>>> print(open('work-v5.pdb').read())   # PDB, C-alpha atoms
ATOM      1  CA  MET S   1      -8.208  10.968  -9.140
ATOM      2  CA  SER S   2     -10.050  13.491  -6.985
ATOM      3  CA  LYS S   3      -9.289  13.923  -3.321
ATOM      4  CA  LYS S   4     -11.341  12.034  -0.769
ATOM      5  CA  ILE S   5     -12.094  12.438   2.903
ATOM      6  CA  ALA S   6     -10.937   9.481   4.938
ATOM      7  CA  VAL S   7     -12.737   8.732   8.206
ATOM      8  CA  TYR S   8     -10.882   5.953   9.997
ATOM      9  CA  GLY S   9     -10.115   4.429  13.351
ATOM     10  CA  SER S  10     -11.205   1.647  15.670
ATOM     11  CA  TYR S  11     -14.795   1.126  16.692
ATOM     12  CA  GLU S  12     -17.027  -1.009  18.834
ATOM     13  CA  ALA S  13     -20.178  -2.377  17.257
ATOM     14  CA  LYS S  14     -22.666  -5.176  17.647
ATOM     15  CA  PHE S  15     -22.017  -7.928  15.118
ATOM     16  CA  PRO S  16     -24.469 -10.750  14.419
ATOM     17  CA  ALA S  17     -23.268 -13.836  16.268
ATOM     18  CA  LYS S  18     -22.785 -17.050  14.332
ATOM     19  CA  GLN S  19     -23.338 -20.512  15.704
ATOM     20  CA  ARG S  20     -21.515 -23.597  14.519
ATOM     21  CA  PHE S  21     -23.148 -26.921  13.910
ATOM     22  CA  TRP S  22     -22.086 -30.271  12.479
ATOM     23  CA  LYS S  23     -23.794 -32.356   9.888
ATOM     24  CA  LYS S  24     -22.895 -35.835   8.764
ATOM     25  CA  ARG S  25     -22.200 -35.936   5.049
ATOM     26  CA  LYS S  26     -23.133 -38.798   2.761
ATOM     27  CA  ASP S  27     -19.498 -39.940   2.693
ATOM     28  CA  GLY S  28     -19.519 -40.203   6.488
ATOM     29  CA  ILE S  29     -17.415 -37.124   7.255
ATOM     30  CA  ARG S  30     -18.673 -34.748   9.958
ATOM     31  CA  GLN S  31     -18.706 -31.320   8.277
ATOM     32  CA  ARG S  32     -18.773 -28.090  10.276
ATOM     33  CA  TYR S  33     -21.205 -25.346   9.170
ATOM     34  CA  TRP S  34     -22.080 -21.891  10.502
ATOM     35  CA  LYS S  35     -25.531 -20.401  10.817
ATOM     36  CA  LYS S  36     -26.627 -16.854  11.567
ATOM     37  CA  THR S  37     -28.476 -16.290  14.815
ATOM     38  CA  LYS S  38     -30.552 -13.399  16.105
ATOM     39  CA  ARG S  39     -28.015 -12.825  18.876
ATOM     40  CA  THR S  40     -25.454 -10.078  18.564
ATOM     41  CA  LYS S  41     -22.094  -9.681  20.243
ATOM     42  CA  LYS S  42     -19.992  -6.602  20.847
ATOM     43  CA  ALA S  43     -16.612  -6.573  19.154
ATOM     44  CA  VAL S  44     -13.822  -4.108  18.445
ATOM     45  CA  GLU S  45     -12.858  -3.716  14.793
ATOM     46  CA  SER S  46     -11.012  -1.157  12.739
ATOM     47  CA  GLY S  47     -12.411   0.286   9.544
ATOM     48  CA  ARG S  48     -12.293   3.139   7.131
ATOM     49  CA  TYR S  49     -14.592   5.242   4.981
ATOM     50  CA  GLU S  50     -13.339   7.100   1.938
ATOM     51  CA  PHE S  51     -15.884   9.666   0.765
ATOM     52  CA  HIS S  52     -15.839  11.680  -2.430
ATOM     53  CA  GLY S  53     -18.342  14.289  -3.498
ATOM     54  CA  LYS S  54     -19.393  17.871  -2.906
ATOM     55  CA  GLY S  55     -18.769  19.919   0.251
ATOM     56  CA  ARG S  56     -22.238  19.802   1.783
ATOM     57  CA  GLU S  57     -22.688  16.082   1.092
ATOM     58  CA  LEU S  58     -19.243  15.361   2.504
ATOM     59  CA  TYR S  59     -20.135  17.201   5.700
ATOM     60  CA  LYS S  60     -23.384  15.248   6.073
ATOM     61  CA  ALA S  61     -21.601  11.972   5.319
ATOM     62  CA  VAL S  62     -18.916  12.639   7.953
ATOM     63  CA  ILE S  63     -21.655  13.348  10.521
ATOM     64  CA  LYS S  64     -23.435  10.100   9.555
ATOM     65  CA  ALA S  65     -20.151   8.215   9.743
ATOM     66  CA  HIS S  66     -20.120   8.907  13.481
ATOM     67  CA  ARG S  67     -23.189   6.707  13.885
ATOM     68  CA  TYR S  68     -22.597   4.040  11.248
ATOM     69  CA  MET S  69     -19.276   2.225  11.564
ATOM     70  CA  PRO S  70     -17.672   1.053   8.294
ATOM     71  CA  LYS S  71     -17.815  -2.617   7.344
ATOM     72  CA  GLY S  72     -14.110  -2.900   6.570
ATOM     73  CA  PHE S  73     -12.694  -0.620   3.869
ATOM     74  CA  VAL S  74     -15.569   1.363   2.340
ATOM     75  CA  ASP S  75     -14.919   3.584  -0.683
ATOM     76  CA  VAL S  76     -18.195   5.298  -1.569
ATOM     77  CA  SER S  77     -19.573   8.600  -2.826
ATOM     78  CA  ALA S  78     -21.013  10.763  -0.053
ATOM     79  CA  GLU S  79     -24.331  10.950  -1.915
ATOM     80  CA  LYS S  80     -24.761   7.149  -2.094
ATOM     81  CA  PHE S  81     -23.731   6.747   1.527
ATOM     82  CA  LEU S  82     -26.318   9.296   2.637
ATOM     83  CA  GLU S  83     -29.056   7.431   0.744
ATOM     84  CA  HIS S  84     -28.357   4.053   2.383
ATOM     85  CA  PRO S  85     -25.894   4.363   5.290
ATOM     86  CA  GLU S  86     -26.993   0.982   6.716
ATOM     87  CA  ARG S  87     -25.774  -0.710   3.525
ATOM     88  CA  TYR S  88     -22.185   0.431   4.144
ATOM     89  CA  GLY S  89     -21.978   0.323   7.931
ATOM     90  CA  LEU S  90     -23.466  -0.865  11.172
ATOM     91  CA  GLU S  91     -24.404   1.126  14.246
ATOM     92  CA  GLY S  92     -21.685   1.506  16.853
ATOM     93  CA  GLU S  93     -19.204   4.017  18.184
ATOM     94  CA  TRP S  94     -15.617   5.034  17.499
ATOM     95  CA  ILE S  95     -13.157   4.243  20.270
ATOM     96  CA  GLU S  96      -9.788   5.707  21.158
ATOM     97  CA  ARG S  97      -7.013   3.486  19.822
ATOM     98  CA  GLU S  98      -3.743   3.979  17.950
ATOM     99  CA  VAL S  99      -4.217   3.493  14.183
ATOM    100  CA  GLU S 100      -2.013   3.957  11.128
ATOM    101  CA  SER S 101      -3.015   6.530   8.442
TER     102      SER S 101
ATOM    103  CA  MET U   1       0.598  33.287   8.544
ATOM    104  CA  ASN U   2       4.046  34.922   8.143
ATOM    105  CA  ILE U   3       6.426  33.229   5.759
ATOM    106  CA  LEU U   4      10.048  34.388   5.895
ATOM    107  CA  LYS U   5      12.792  32.518   4.031
ATOM    108  CA  GLY U   6      10.752  29.329   4.059
ATOM    109  CA  THR U   7      10.071  29.173   7.781
ATOM    110  CA  VAL U   8       6.540  29.851   8.931
ATOM    111  CA  TRP U   9       6.813  31.725  12.221
ATOM    112  CA  LYS U  10       3.217  31.930  13.280
ATOM    113  CA  ALA U  11       0.404  29.614  12.341
ATOM    114  CA  SER U  12      -3.226  29.845  13.287
ATOM    115  CA  GLY U  13      -5.471  26.835  13.361
ATOM    116  CA  LEU U  14      -8.081  24.911  15.279
ATOM    117  CA  LYS U  15      -7.469  25.180  18.994
ATOM    118  CA  GLU U  16     -10.587  23.529  20.376
ATOM    119  CA  LYS U  17     -10.233  20.010  21.728
ATOM    120  CA  TRP U  18     -11.491  17.308  19.346
ATOM    121  CA  ASN U  19     -13.825  15.103  21.313
ATOM    122  CA  HIS U  20     -14.463  12.421  18.667
ATOM    123  CA  ASN U  21     -12.500   9.195  18.423
ATOM    124  CA  SER U  22     -12.573   8.994  14.630
ATOM    125  CA  ILE U  23      -9.886  10.710  12.552
ATOM    126  CA  LEU U  24     -10.366  12.773   9.397
ATOM    127  CA  GLY U  25      -7.715  12.889   6.676
ATOM    128  CA  ILE U  26      -7.060  13.607   2.999
ATOM    129  CA  THR U  27      -6.448  10.678   0.662
ATOM    130  CA  ASP U  28      -5.400  10.648  -3.010
ATOM    131  CA  THR U  29      -2.944   8.924  -5.339
ATOM    132  CA  GLU U  30      -1.323  11.799  -7.220
ATOM    133  CA  THR U  31       0.198  13.892  -4.420
ATOM    134  CA  VAL U  32       3.431  12.752  -2.806
ATOM    135  CA  LYS U  33       2.863  12.835   0.962
ATOM    136  CA  LEU U  34       5.205  11.608   3.700
ATOM    137  CA  ASP U  35       4.624  11.112   7.419
ATOM    138  CA  PHE U  36       7.752  11.475   9.566
ATOM    139  CA  ASP U  37       7.136  10.296  13.126
ATOM    140  CA  ASN U  38       9.744  10.816  15.861
ATOM    141  CA  THR U  39      11.972  12.833  13.527
ATOM    142  CA  PRO U  40      13.364  16.326  14.242
ATOM    143  CA  LEU U  41      12.386  19.187  11.900
ATOM    144  CA  LYS U  42      15.967  19.558  10.659
ATOM    145  CA  THR U  43      16.052  15.938   9.428
ATOM    146  CA  VAL U  44      12.577  16.249   7.909
ATOM    147  CA  LYS U  45      13.629  19.380   5.985
ATOM    148  CA  TYR U  46      16.792  17.627   4.767
ATOM    149  CA  TRP U  47      14.880  14.600   3.455
ATOM    150  CA  ALA U  48      12.090  16.725   1.965
ATOM    151  CA  SER U  49      14.481  18.975   0.042
ATOM    152  CA  ARG U  50      16.620  15.999  -1.066
ATOM    153  CA  THR U  51      13.530  14.193  -2.393
ATOM    154  CA  CYS U  52      12.210  17.384  -3.957
ATOM    155  CA  ARG U  53      15.481  17.942  -5.866
ATOM    156  CA  TRP U  54      16.010  14.316  -6.873
ATOM    157  CA  PHE U  55      12.521  13.756  -8.279
ATOM    158  CA  LYS U  56      11.977  17.372  -9.473
ATOM    159  CA  LEU U  57       8.809  17.762  -7.390
ATOM    160  CA  GLY U  58       8.733  21.563  -7.559
ATOM    161  CA  GLY U  59       8.337  22.396  -3.889
ATOM    162  CA  PHE U  60       7.121  21.114  -0.561
ATOM    163  CA  ILE U  61       5.475  22.081   2.700
ATOM    164  CA  VAL U  62       6.150  20.645   6.138
ATOM    165  CA  LEU U  63       3.235  20.372   8.561
ATOM    166  CA  LYS U  64       3.772  19.839  12.267
ATOM    167  CA  SER U  65       1.478  17.101  13.512
ATOM    168  CA  SER U  66       2.762  17.108  17.116
ATOM    169  CA  GLU U  67       6.127  17.400  18.873
ATOM    170  CA  ASN U  68       8.746  15.785  16.559
ATOM    171  CA  HIS U  69       6.010  14.447  14.255
ATOM    172  CA  TYR U  70       5.828  16.060  10.802
ATOM    173  CA  HIS U  71       3.959  15.646   7.508
ATOM    174  CA  VAL U  72       5.443  16.636   4.132
ATOM    175  CA  VAL U  73       3.405  17.419   0.979
ATOM    176  CA  PHE U  74       5.091  17.904  -2.416
ATOM    177  CA  ASP U  75       3.867  20.119  -5.239
ATOM    178  CA  SER U  76       4.128  18.041  -8.442
ATOM    179  CA  ARG U  77       1.342  15.783  -9.706
ATOM    180  CA  VAL U  78       2.567  12.179 -10.076
ATOM    181  CA  SER U  79       1.080   8.794 -10.941
ATOM    182  CA  TRP U  80       0.518   6.241  -8.168
ATOM    183  CA  SER U  81       3.434   4.073  -9.313
ATOM    184  CA  GLU U  82       5.739   7.122  -9.241
ATOM    185  CA  ASN U  83       4.312   8.057  -5.846
ATOM    186  CA  VAL U  84       5.081   4.584  -4.461
ATOM    187  CA  SER U  85       8.565   4.583  -5.894
ATOM    188  CA  ILE U  86       9.292   8.004  -4.322
ATOM    189  CA  MET U  87       8.011   6.856  -0.914
ATOM    190  CA  ALA U  88      10.041   3.647  -1.219
ATOM    191  CA  TRP U  89      13.156   5.618  -2.205
ATOM    192  CA  VAL U  90      12.894   7.868   0.860
ATOM    193  CA  CYS U  91      12.157   4.879   3.058
ATOM    194  CA  LEU U  92      15.128   2.865   1.861
ATOM    195  CA  LEU U  93      17.602   5.735   2.101
ATOM    196  CA  PHE U  94      16.218   6.969   5.406
ATOM    197  CA  TYR U  95      16.617   3.660   7.208
ATOM    198  CA  GLY U  96      19.335   1.866   5.278
ATOM    199  CA  LYS U  97      19.651  -1.646   6.679
ATOM    200  CA  ILE U  98      17.545  -1.255   9.814
ATOM    201  CA  LEU U  99      14.054  -1.538   8.382
ATOM    202  CA  ALA U 100      12.007  -3.361  10.998
ATOM    203  CA  LYS U 101       9.560  -1.664  13.391
ATOM    204  CA  LEU U 102      10.043   1.824  12.014
ATOM    205  CA  PRO U 103       7.214   4.347  11.611
ATOM    206  CA  LEU U 104       7.948   5.656   8.101
ATOM    207  CA  LEU U 105       8.295   2.114   6.832
ATOM    208  CA  ARG U 106       5.020   1.195   8.476
ATOM    209  CA  TYR U 107       3.364   4.222   6.845
ATOM    210  CA  PHE U 108       4.819   3.316   3.433
ATOM    211  CA  ILE U 109       3.653  -0.293   3.602
ATOM    212  CA  MET U 110       0.161   0.756   4.644
ATOM    213  CA  GLN U 111      -0.142   3.200   1.732
ATOM    214  CA  CYS U 112       1.148   0.566  -0.727
ATOM    215  CA  ILE U 113      -1.531  -1.829   0.426
ATOM    216  CA  LYS U 114      -4.315   0.773   0.191
ATOM    217  CA  GLN U 115      -3.034   2.089  -3.161
ATOM    218  CA  SER U 116      -3.523   5.690  -2.029
ATOM    219  CA  SER U 117      -1.794   7.784   0.608
ATOM    220  CA  THR U 118      -3.505   9.502   3.523
ATOM    221  CA  LEU U 119      -2.449  12.195   5.957
ATOM    222  CA  ARG U 120      -4.358  13.151   9.080
ATOM    223  CA  VAL U 121      -6.150  16.520   9.151
ATOM    224  CA  SER U 122      -8.265  16.323  12.300
ATOM    225  CA  PRO U 123      -6.866  16.332  15.834
ATOM    226  CA  LYS U 124      -6.152  12.895  17.345
ATOM    227  CA  LYS U 125      -6.321  12.131  21.068
ATOM    228  CA  ASP U 126      -4.094  14.822  22.619
ATOM    229  CA  LYS U 127      -2.473  15.773  19.292
ATOM    230  CA  LEU U 128      -3.577  18.978  17.521
ATOM    231  CA  CYS U 129      -4.370  19.415  13.814
ATOM    232  CA  PRO U 130      -1.176  19.233  11.723
ATOM    233  CA  ARG U 131      -0.103  22.806  10.859
ATOM    234  CA  VAL U 132       2.284  24.240   8.268
ATOM    235  CA  VAL U 133       5.708  25.008   9.767
ATOM    236  CA  PHE U 134       7.913  25.223   6.673
ATOM    237  CA  CYS U 135       7.471  26.043   2.963
ATOM    238  CA  ASN U 136       9.919  25.646   0.092
ATOM    239  CA  GLY U 137       9.667  26.130  -3.680
ATOM    240  CA  LYS U 138       6.521  26.228  -5.784
ATOM    241  CA  GLN U 139       3.156  25.847  -4.081
ATOM    242  CA  GLU U 140       0.640  26.295  -6.884
ATOM    243  CA  LYS U 141      -0.269  22.741  -7.983
ATOM    244  CA  GLN U 142      -0.788  19.796  -5.635
ATOM    245  CA  ILE U 143       0.093  21.820  -2.511
ATOM    246  CA  HIS U 144      -2.547  24.384  -3.452
ATOM    247  CA  GLU U 145      -5.113  21.608  -3.991
ATOM    248  CA  PHE U 146      -4.090  19.857  -0.773
ATOM    249  CA  LEU U 147      -4.399  23.040   1.261
ATOM    250  CA  SER U 148      -7.800  23.947  -0.206
ATOM    251  CA  PHE U 149      -9.143  20.436   0.491
ATOM    252  CA  ARG U 150      -7.635  20.634   3.977
ATOM    253  CA  LYS U 151      -9.554  23.878   4.467
ATOM    254  CA  LEU U 152     -12.786  22.093   3.506
ATOM    255  CA  ILE U 153     -12.125  19.352   6.072
ATOM    256  CA  LYS U 154     -11.237  21.927   8.719
ATOM    257  CA  ASP U 155     -14.538  23.703   8.013
ATOM    258  CA  ILE U 156     -16.331  20.376   8.539
ATOM    259  CA  ILE U 157     -14.435  19.878  11.823
ATOM    260  CA  ARG U 158     -15.348  23.412  12.938
ATOM    261  CA  LYS U 159     -19.004  22.790  12.127
ATOM    262  CA  MET U 160     -18.905  19.498  13.988
ATOM    263  CA  LEU U 161     -17.346  21.156  17.024
ATOM    264  CA  LYS U 162     -20.071  23.807  16.945
ATOM    265  CA  GLU U 163     -22.802  21.232  16.672
ATOM    266  CA  LYS U 164     -21.219  18.755  19.096
ATOM    267  CA  CYS U 165     -24.419  18.739  21.102
ATOM    268  CA  LEU U 166     -25.740  16.486  18.320
ATOM    269  CA  PHE U 167     -23.356  13.742  19.405
ATOM    270  CA  ASP U 168     -23.611  14.232  23.185
TER     271      ASP U 168
END
>>> encode(input="work-v5.pdb", output="structure tokens")
Amino acid sequence: MSKKIAVYGSYEAKFPAKQRFWKKRKDGIRQRYWKKTKRTKKAVESGRYEFHGKGRELYKAVIKAHRYMPKGFVDVSAEKFLEHPERYGLEGEWIEREVES
Amino acid sequence: MNILKGTVWKASGLKEKWNHNSILGITDTETVKLDFDNTPLKTVKYWASRTCRWFKLGGFIVLKSSENHYHVVFDSRVSWSENVSIMAWVCLLFYGKILAKLPLLRYFIMQCIKQSSTLRVSPKKDKLCPRVVFCNGKQEKQIHEFLSFRKLIKDIIRKMLKEKCLFD
């Protein structure tokens, strides 16, 4: 396995807010559902990118990773990430917080 | 960098303040890496050389991450299962019966979950980049690879510090 660059930490980003609603089922039970709304809410999450690839691409990917925050644990080649960064992350910013390697 | 009988007396590295909140590190499965937090150098050297001898890992380097915080990288290439068993061995012997709320244990568990081990390369808050403070034994395999990849990351950090106006 080749070595990878890990970019990790805690970040603040705008996540799409979900709204709950209830619907009565045929059997009479009130079931709870969630729907996506256009609203967004700020939340603090922790995430991690693991990039592999060539030097120049890695550099560009690390720079991009400062704008797009990872959606959880993202293991991707730097080249693919540079093509579609919005697929792997959402816009936000890294914040200072204690994290484990 | 002067190396005399294993101890590195003078190390040069990045001195500028890192003004980003993200952390850069090296991650792989085949290099044995350990993170000793709140442990004096003497203890770190003892555990590194004991592990190195027991598992025949060739050699090791100790990097100072901050005051009383050290990283250790071993030279031999190992499989992930061997890597985990080595980390677990050190962890168990290091702490004996008191295993809860301890940094090395926390590090070990995290790496087991991720199935690869990571060590920090970039500065973090008020901590500097980890730098080499001790060398022992062979350095030509995984240590050589680790150090060359670390150089690549440091180059990226340098470039980012130069072009920090991009982020401001």
>>> closest_residue(input="work-v5.pdb", among="S:Glu86, S:Asp27, S:Glu45, S:Glu96", to="S:Arg67", atoms="all atoms listed in the file")
S:Glu86
>>> interface_residues(input="work-v5.pdb", of="chain U", to="chain S", cutoff="7 Å", atoms="all atoms listed in the file", output="VMD selection string")
chain U and resid 21 to 29 107 118 to 120 156
>>> resolve_selection(input="work-v5.pdb", expression="the PyMOL selection byres ((chain U and resi 45) around 10)", output="list in words")
Pro40, Leu41, Lys42, Thr43, Val44, Tyr46, Trp47, Ala48, Ser49, Arg50, Thr51, Phe60, Ile61, Val62, Tyr70, Val72, Phe134, Cys135 and Asn136 of chain U
>>> residues_around(input="work-v5.pdb", residues="S:Thr40", least_positions_apart="5", cutoff="6 Å", atoms="all atoms listed in the file", output="MDAnalysis selection string")
chainID S and resid 14:17
>>> residues_near_point(input="work-v5.pdb", point="(-3.0, 21.1, -8.3)", cutoff="10 Å", atoms="all atoms listed in the file", output="list in words")
Glu30, Thr31, Asp75, Ser76, Arg77, Gln139, Glu140, Lys141, Gln142, Ile143, His144, Glu145, Phe146, Leu147 and Ser148 of chain U
>>> atom_distance(input="work-v5.pdb", atom1="atom CA of S:Glu83", atom2="atom CA of S:Ala61")
9.9 Å
>>> residues_near_point(input="work-v5.pdb", point="(2.8, 0.6, 0.7)", cutoff="12 Å", atoms="all atoms listed in the file", output="VMD selection string")
(chain S and resid 100 to 101) or (chain U and resid 29 34 80 to 81 83 to 89 91 104 to 118)
>>> axis_aligned_box(input="work-v5.pdb", around="stretch 62-77 of chain S", padding_each_side="3 Å", output="AutoDock Vina command-line options")
--center_x -18.1 --center_y 5.2 --center_z 5.5 --size_x 16.7 --size_y 22.2 --size_z 22.7
>>> closest_residue(input="work-v5.pdb", among="U:Phe74, U:Lys154, U:Val132, U:Pro123", to="U:Leu57", atoms="all atoms listed in the file")
U:Phe74
>>> atom_distance(input="work-v5.pdb", atom1="atom CA of S:Val74", atom2="atom CA of S:Lys42")
20.6 Å
>>> atom_distance(input="work-v5.pdb", atom1="atom CA of S:Tyr68", atom2="atom CA of S:Tyr88")
8.0 Å
>>> closest_residue(input="work-v5.pdb", among="U:Gly59, U:Asp37, U:Ser79, U:Val32", to="U:Lys138", atoms="all atoms listed in the file")
U:Gly59
>>> build_atoms(input="work-v5.pdb", residues="stretch 57-86 of chain S", atoms="N, CA and C atoms", output="PDB file, keeping the file's coordinate frame")
ATOM      1  N   GLU S  57     -22.454  17.528   0.956  1.00  0.00           N
ATOM      2  CA  GLU S  57     -22.688  16.082   1.092  1.00  0.00           C
ATOM      3  C   GLU S  57     -21.594  15.435   1.943  1.00  0.00           C
ATOM      4  N   LEU S  58     -20.361  15.912   1.733  1.00  0.00           N
ATOM      5  CA  LEU S  58     -19.243  15.361   2.504  1.00  0.00           C
ATOM      6  C   LEU S  58     -19.452  15.619   3.993  1.00  0.00           C
ATOM      7  N   TYR S  59     -19.899  16.835   4.304  1.00  0.00           N
ATOM      8  CA  TYR S  59     -20.135  17.201   5.700  1.00  0.00           C
ATOM      9  C   TYR S  59     -21.190  16.279   6.319  1.00  0.00           C
ATOM     10  N   LYS S  60     -22.301  16.100   5.567  1.00  0.00           N
ATOM     11  CA  LYS S  60     -23.384  15.248   6.073  1.00  0.00           C
ATOM     12  C   LYS S  60     -22.911  13.803   6.229  1.00  0.00           C
ATOM     13  N   ALA S  61     -22.098  13.351   5.265  1.00  0.00           N
ATOM     14  CA  ALA S  61     -21.601  11.972   5.319  1.00  0.00           C
ATOM     15  C   ALA S  61     -20.682  11.764   6.527  1.00  0.00           C
ATOM     16  N   VAL S  62     -19.835  12.760   6.802  1.00  0.00           N
ATOM     17  CA  VAL S  62     -18.916  12.639   7.953  1.00  0.00           C
ATOM     18  C   VAL S  62     -19.726  12.564   9.250  1.00  0.00           C
ATOM     19  N   ILE S  63     -20.788  13.374   9.320  1.00  0.00           N
ATOM     20  CA  ILE S  63     -21.655  13.348  10.521  1.00  0.00           C
ATOM     21  C   ILE S  63     -22.285  11.956  10.654  1.00  0.00           C
ATOM     22  N   LYS S  64     -22.791  11.428   9.533  1.00  0.00           N
ATOM     23  CA  LYS S  64     -23.435  10.100   9.555  1.00  0.00           C
ATOM     24  C   LYS S  64     -22.435   9.009   9.920  1.00  0.00           C
ATOM     25  N   ALA S  65     -21.193   9.223   9.481  1.00  0.00           N
ATOM     26  CA  ALA S  65     -20.151   8.215   9.743  1.00  0.00           C
ATOM     27  C   ALA S  65     -19.852   8.071  11.226  1.00  0.00           C
ATOM     28  N   HIS S  66     -20.336   9.023  12.045  1.00  0.00           N
ATOM     29  CA  HIS S  66     -20.120   8.907  13.481  1.00  0.00           C
ATOM     30  C   HIS S  66     -21.152   8.003  14.135  1.00  0.00           C
ATOM     31  N   ARG S  67     -22.182   7.623  13.353  1.00  0.00           N
ATOM     32  CA  ARG S  67     -23.189   6.707  13.885  1.00  0.00           C
ATOM     33  C   ARG S  67     -23.023   5.324  13.254  1.00  0.00           C
ATOM     34  N   TYR S  68     -22.749   5.316  11.959  1.00  0.00           N
ATOM     35  CA  TYR S  68     -22.597   4.040  11.248  1.00  0.00           C
ATOM     36  C   TYR S  68     -21.125   3.718  11.060  1.00  0.00           C
ATOM     37  N   MET S  69     -20.679   2.615  11.644  1.00  0.00           N
ATOM     38  CA  MET S  69     -19.276   2.225  11.564  1.00  0.00           C
ATOM     39  C   MET S  69     -19.033   1.450  10.266  1.00  0.00           C
ATOM     40  N   PRO S  70     -17.899   1.695   9.598  1.00  0.00           N
ATOM     41  CA  PRO S  70     -17.672   1.053   8.294  1.00  0.00           C
ATOM     42  C   PRO S  70     -17.482  -0.468   8.389  1.00  0.00           C
ATOM     43  N   LYS S  71     -18.032  -1.163   7.406  1.00  0.00           N
ATOM     44  CA  LYS S  71     -17.815  -2.617   7.344  1.00  0.00           C
ATOM     45  C   LYS S  71     -16.520  -2.843   6.569  1.00  0.00           C
ATOM     46  N   GLY S  72     -15.413  -2.726   7.226  1.00  0.00           N
ATOM     47  CA  GLY S  72     -14.110  -2.900   6.570  1.00  0.00           C
ATOM     48  C   GLY S  72     -13.657  -1.631   5.874  1.00  0.00           C
ATOM     49  N   PHE S  73     -13.191  -1.765   4.653  1.00  0.00           N
ATOM     50  CA  PHE S  73     -12.694  -0.620   3.869  1.00  0.00           C
ATOM     51  C   PHE S  73     -13.803  -0.208   2.902  1.00  0.00           C
ATOM     52  N   VAL S  74     -14.420   0.939   3.144  1.00  0.00           N
ATOM     53  CA  VAL S  74     -15.569   1.363   2.340  1.00  0.00           C
ATOM     54  C   VAL S  74     -15.202   2.607   1.529  1.00  0.00           C
ATOM     55  N   ASP S  75     -15.192   2.462   0.211  1.00  0.00           N
ATOM     56  CA  ASP S  75     -14.919   3.584  -0.683  1.00  0.00           C
ATOM     57  C   ASP S  75     -16.225   3.901  -1.407  1.00  0.00           C
ATOM     58  N   VAL S  76     -16.850   5.019  -1.061  1.00  0.00           N
ATOM     59  CA  VAL S  76     -18.195   5.298  -1.569  1.00  0.00           C
ATOM     60  C   VAL S  76     -18.379   6.803  -1.762  1.00  0.00           C
ATOM     61  N   SER S  77     -19.296   7.169  -2.669  1.00  0.00           N
ATOM     62  CA  SER S  77     -19.573   8.600  -2.826  1.00  0.00           C
ATOM     63  C   SER S  77     -20.463   9.027  -1.664  1.00  0.00           C
ATOM     64  N   ALA S  78     -20.269  10.261  -1.214  1.00  0.00           N
ATOM     65  CA  ALA S  78     -21.013  10.763  -0.053  1.00  0.00           C
ATOM     66  C   ALA S  78     -22.519  10.693  -0.308  1.00  0.00           C
ATOM     67  N   GLU S  79     -22.911  10.947  -1.551  1.00  0.00           N
ATOM     68  CA  GLU S  79     -24.331  10.950  -1.915  1.00  0.00           C
ATOM     69  C   GLU S  79     -24.953   9.554  -1.711  1.00  0.00           C
ATOM     70  N   LYS S  80     -24.254   8.523  -2.226  1.00  0.00           N
ATOM     71  CA  LYS S  80     -24.761   7.149  -2.094  1.00  0.00           C
ATOM     72  C   LYS S  80     -24.806   6.715  -0.637  1.00  0.00           C
ATOM     73  N   PHE S  81     -23.786   7.119   0.115  1.00  0.00           N
ATOM     74  CA  PHE S  81     -23.731   6.747   1.527  1.00  0.00           C
ATOM     75  C   PHE S  81     -24.898   7.372   2.287  1.00  0.00           C
ATOM     76  N   LEU S  82     -25.220   8.621   1.937  1.00  0.00           N
ATOM     77  CA  LEU S  82     -26.318   9.296   2.637  1.00  0.00           C
ATOM     78  C   LEU S  82     -27.670   8.648   2.322  1.00  0.00           C
ATOM     79  N   GLU S  83     -27.797   8.092   1.109  1.00  0.00           N
ATOM     80  CA  GLU S  83     -29.056   7.431   0.744  1.00  0.00           C
ATOM     81  C   GLU S  83     -29.275   6.159   1.562  1.00  0.00           C
ATOM     82  N   HIS S  84     -28.231   5.323   1.650  1.00  0.00           N
ATOM     83  CA  HIS S  84     -28.357   4.053   2.383  1.00  0.00           C
ATOM     84  C   HIS S  84     -27.150   3.835   3.290  1.00  0.00           C
ATOM     85  N   PRO S  85     -27.070   4.553   4.415  1.00  0.00           N
ATOM     86  CA  PRO S  85     -25.894   4.363   5.290  1.00  0.00           C
ATOM     87  C   PRO S  85     -25.813   2.956   5.881  1.00  0.00           C
ATOM     88  N   GLU S  86     -26.978   2.324   6.093  1.00  0.00           N
ATOM     89  CA  GLU S  86     -26.993   0.982   6.716  1.00  0.00           C
ATOM     90  C   GLU S  86     -26.410  -0.084   5.789  1.00  0.00           C
TER      91      GLU S  86
END
